[in-house]
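Structure record follows, encoded as structure tokens.
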Amino acid sequence: MGVDFGEPNFDHELEELGMLAETAGLKPVERITCKRKAPDAALFIGSGKADEIKLLATQVGAQEVLFDQSLSPGQQRNLERHLEMPVNDRTFLILEIFAQRARSHEGKLQVELARLQYLSTRLVRRWSHLERQRGGIGTRGGPGETQIELDRRMIGENIKRTKERLVKVQRQRQTQRRQRERRDAFNISIIGYTNAGKSTLFNALVKARAYAADQLFATLDTTTRKLYLGDASRTVSLSDTVGFIRDLPHGLVDAFKATLQEAVDADLLLHVVDASNPNFANQIEQVQKVLAEIGADHIAQILVFNKVDALAPELQPIRLEDEYEIDGIQTPRIFVSARTLSGVPALRERLSAISGLSKEAQENGVNCPLSAEQLRDWAQSGLDVHEMTK
């Protein structure tokens, strides 16, 4: 179920929600949309549309209703009573996928924290066992805590414990980053919309065996490997990060701060884009929003338009290297196919040139962080590394 409030990025086909449902192990049987000026306070969609959904669900044998937007706890509760079946929203669906996909200890802790924070707002009237527990021996003593109070306290304690464990893991990551900084490592992070081919590109560059699949959120755990760039005669650090998505839950952004910190601390971002997706411009915009939220929007980027092998002949790029405007800044762009390795050598050459520029600047005692503007100027100048450093 999707509600169009007049926003430009509304998915009228509910294609992405369907892919999320399939990734979570569900099978979509029917899709329905409607237009509203504002969400209904009680049911989000209004009673008439709710009756329509209930009838349709009965006809197609649906067992659950998924909404493409986030529902308030009250709206979710009212919809479940009205429809007489489970109702979940986009946030819950993404959390479920993350819970299924997390493999590392850190990833599991991050997902657990996000799920607990989500559930803590949805305890009211979710159970029928909310009677008060009697205190004392026999029938003596006044009424004790209600079950909801016990559940809320238990979730609160679990959130506190999970946060404490995450702090320890974050310290370990900080130690690893400090070690890389001492070695003057040049850090590159691969970012992008989910299912853009980040892990496939990561494997192509460093010959790793990171899990890659044609599905949303195939990779949740950050993987870092060394990448040797022969033209620059240096080794850089390359990290594959979790994919972004439209309306990424804030709880997940907060929980995955340790993982997303790899992007914040990077010297260069490889922003991977699915060139075969007709909605790639909106996906770039969504990634930029998340980068701004975590404080990484100032870091220089190279746009890597992936999956050119999936483009129709008439849509193939005329030039494999050009520029693309992001937030008013002309950003270097390279067209590649991580699957067939087309364009990957050109990408390595570009990385060699940029990391060489940084290395030469350090050797000359120049503090030269690569801002987006500097990278644009260098890309347009045509100067070699030594001349640009001077």
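Convention: chains lettered A, B, ... in structure tokens order; per-chain residue numbering from 1; ligands numbered from 1 as shown.
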task = Extract, using only C-alpha atoms, all DNA, RNA and protein residues at most 9 Å from Ile326 in chain A, discarding same-chain residues fewer than 4 positions from it, and format them as a ChimeraX atom specification.
result = /A:284-285,288,330-331
Got time to write the residues from that selection, N, CA and C atoms, as a PDB file, in the first residue's frame?
ATOM      1  N   ILE A 284      20.690   9.046  -6.469  1.00  0.00           N
ATOM      2  CA  ILE A 284      21.844   9.890  -6.123  1.00  0.00           C
ATOM      3  C   ILE A 284      21.445  10.924  -5.076  1.00  0.00           C
ATOM      4  N   GLU A 285      20.267  11.508  -5.261  1.00  0.00           N
ATOM      5  CA  GLU A 285      19.772  12.512  -4.310  1.00  0.00           C
ATOM      6  C   GLU A 285      19.586  11.922  -2.917  1.00  0.00           C
ATOM      7  N   GLN A 288      22.926  11.434  -1.244  1.00  0.00           N
ATOM      8  CA  GLN A 288      23.462  12.716  -0.790  1.00  0.00           C
ATOM      9  C   GLN A 288      22.800  13.153   0.516  1.00  0.00           C
ATOM     10  N   GLN A 330      30.454  20.100 -10.358  1.00  0.00           N
ATOM     11  CA  GLN A 330      30.751  19.146 -11.424  1.00  0.00           C
ATOM     12  C   GLN A 330      31.634  18.032 -10.845  1.00  0.00           C
ATOM     13  N   THR A 331      31.102  16.830 -10.789  1.00  0.00           N
ATOM     14  CA  THR A 331      31.787  15.697 -10.165  1.00  0.00           C
ATOM     15  C   THR A 331      32.285  14.735 -11.237  1.00  0.00           C
TER      16      THR A 331
END
Give me the residues near range 114-124 of chain A as a ChimeraX atom specification, where near means some atom within 12 Å (using only C-alpha atoms) and where sequence neighbours in that chain fewer than 6 positions away do not count. /A:70-78,88-89,91-99,107-108,130,146-163,166,248-257
Keeping only C-alpha atoms, take the residues you just selected and write them out as an mmCIF file, in the first residue's frame.
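As a result, out.cif now contains:
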data_model
loop_
_atom_site.group_PDB
_atom_site.id
_atom_site.type_symbol
_atom_site.label_atom_id
_atom_site.label_comp_id
_atom_site.auth_asym_id
_atom_site.auth_seq_id
_atom_site.Cartn_x
_atom_site.Cartn_y
_atom_site.Cartn_z
ATOM 1 C CA SER A 70 6.182 5.017 8.124
ATOM 2 C CA LEU A 71 3.134 4.592 10.365
ATOM 3 C CA SER A 72 2.730 5.970 13.859
ATOM 4 C CA PRO A 73 2.129 3.384 16.612
ATOM 5 C CA GLY A 74 -1.491 4.547 16.918
ATOM 6 C CA GLN A 75 -2.150 4.334 13.173
ATOM 7 C CA GLN A 76 -0.632 0.869 13.002
ATOM 8 C CA ARG A 77 -2.728 -0.319 15.932
ATOM 9 C CA ASN A 78 -5.963 1.140 14.494
ATOM 10 C CA ASN A 88 3.646 -3.185 9.057
ATOM 11 C CA ASP A 89 5.433 -0.234 7.498
ATOM 12 C CA THR A 91 10.695 0.954 8.560
ATOM 13 C CA PHE A 92 9.781 -2.425 10.071
ATOM 14 C CA LEU A 93 10.458 -4.164 6.754
ATOM 15 C CA ILE A 94 13.959 -2.679 6.452
ATOM 16 C CA LEU A 95 14.693 -3.610 10.073
ATOM 17 C CA GLU A 96 13.601 -7.191 9.398
ATOM 18 C CA ILE A 97 15.915 -7.430 6.372
ATOM 19 C CA PHE A 98 18.819 -6.025 8.368
ATOM 20 C CA ALA A 99 18.129 -8.542 11.151
ATOM 21 C CA GLY A 107 26.223 -5.686 12.686
ATOM 22 C CA LYS A 108 23.995 -7.808 14.908
ATOM 23 C CA LEU A 130 -1.714 -6.335 30.330
ATOM 24 C CA THR A 146 1.377 -3.844 34.579
ATOM 25 C CA GLN A 147 2.803 -6.179 31.970
ATOM 26 C CA ILE A 148 3.397 -3.226 29.652
ATOM 27 C CA GLU A 149 5.519 -1.562 32.340
ATOM 28 C CA LEU A 150 7.545 -4.747 32.723
ATOM 29 C CA ASP A 151 8.021 -5.012 28.965
ATOM 30 C CA ARG A 152 9.000 -1.363 28.662
ATOM 31 C CA ARG A 153 11.541 -1.684 31.465
ATOM 32 C CA MET A 154 12.951 -4.882 29.973
ATOM 33 C CA ILE A 155 13.371 -3.248 26.546
ATOM 34 C CA GLY A 156 14.948 -0.189 28.184
ATOM 35 C CA GLU A 157 17.490 -2.372 29.965
ATOM 36 C CA ASN A 158 18.263 -4.249 26.733
ATOM 37 C CA ILE A 159 18.798 -0.935 24.893
ATOM 38 C CA LYS A 160 21.213 0.210 27.592
ATOM 39 C CA ARG A 161 23.190 -3.061 27.483
ATOM 40 C CA THR A 162 23.332 -3.062 23.673
ATOM 41 C CA LYS A 163 24.576 0.539 23.598
ATOM 42 C CA LEU A 166 28.394 -1.128 20.826
ATOM 43 C CA LEU A 248 16.361 4.971 5.607
ATOM 44 C CA PRO A 249 15.078 4.783 9.210
ATOM 45 C CA HIS A 250 16.785 7.261 11.523
ATOM 46 C CA GLY A 251 17.186 4.510 14.090
ATOM 47 C CA LEU A 252 19.289 2.567 11.610
ATOM 48 C CA VAL A 253 21.396 5.623 10.772
ATOM 49 C CA ASP A 254 22.064 6.139 14.497
ATOM 50 C CA ALA A 255 22.709 2.442 15.127
ATOM 51 C CA PHE A 256 25.040 2.119 12.140
ATOM 52 C CA LYS A 257 27.113 5.187 13.078
#
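Residues in contact with Ser276 in chain A at up to 8 Å, not including ones fewer than 6 positions away on its chain and judged by only C-alpha atoms, are Asn306, Lys307, Val308, Ala310 and Leu311 of chain A.
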Export N, CA and C atoms of the chosen residues as a short mmCIF file (atom, residue, chain, number, x, y, z; two decimals), in the first residue's frame?
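This went into result.cif:
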data_model
loop_
_atom_site.label_atom_id
_atom_site.label_comp_id
_atom_site.auth_asym_id
_atom_site.auth_seq_id
_atom_site.Cartn_x
_atom_site.Cartn_y
_atom_site.Cartn_z
N ASN A 306 27.74 2.23 -12.70
CA ASN A 306 27.95 0.79 -12.88
C ASN A 306 26.84 0.18 -13.74
N LYS A 307 27.06 -1.06 -14.14
CA LYS A 307 26.09 -1.86 -14.90
C LYS A 307 25.83 -1.30 -16.31
N VAL A 308 26.87 -0.74 -16.95
CA VAL A 308 26.69 -0.26 -18.33
C VAL A 308 26.41 -1.42 -19.28
N ALA A 310 24.27 -3.58 -18.85
CA ALA A 310 22.82 -3.80 -18.84
C ALA A 310 22.06 -2.72 -19.60
N LEU A 311 22.77 -1.71 -20.12
CA LEU A 311 22.12 -0.64 -20.86
C LEU A 311 21.84 -1.07 -22.30
#
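The gap separating CA of Pro332 in chain A from CA of Pro345 in chain A is 15.7 Å, in Å to one decimal.
When only C-alpha atoms are used to measure the gap to Asn282 in chain A, the shortest distance among A:Met19, A:Ile245, A:Ala38, A:Gln301 belongs to A:Ile245.
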- Task: List every residue of range 245-353 of chain A that DSSP, applied to the backbone, labels as helix (DSSP H, G or I), and write the result as an NGL selection string.
- Result: :A and (250-255 or 257-264 or 280-294 or 308-310 or 313-315 or 344-353)
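Here CA of Arg246 in chain A is placed at a distance of 10.5 Å from CA of Asp68 in chain A.
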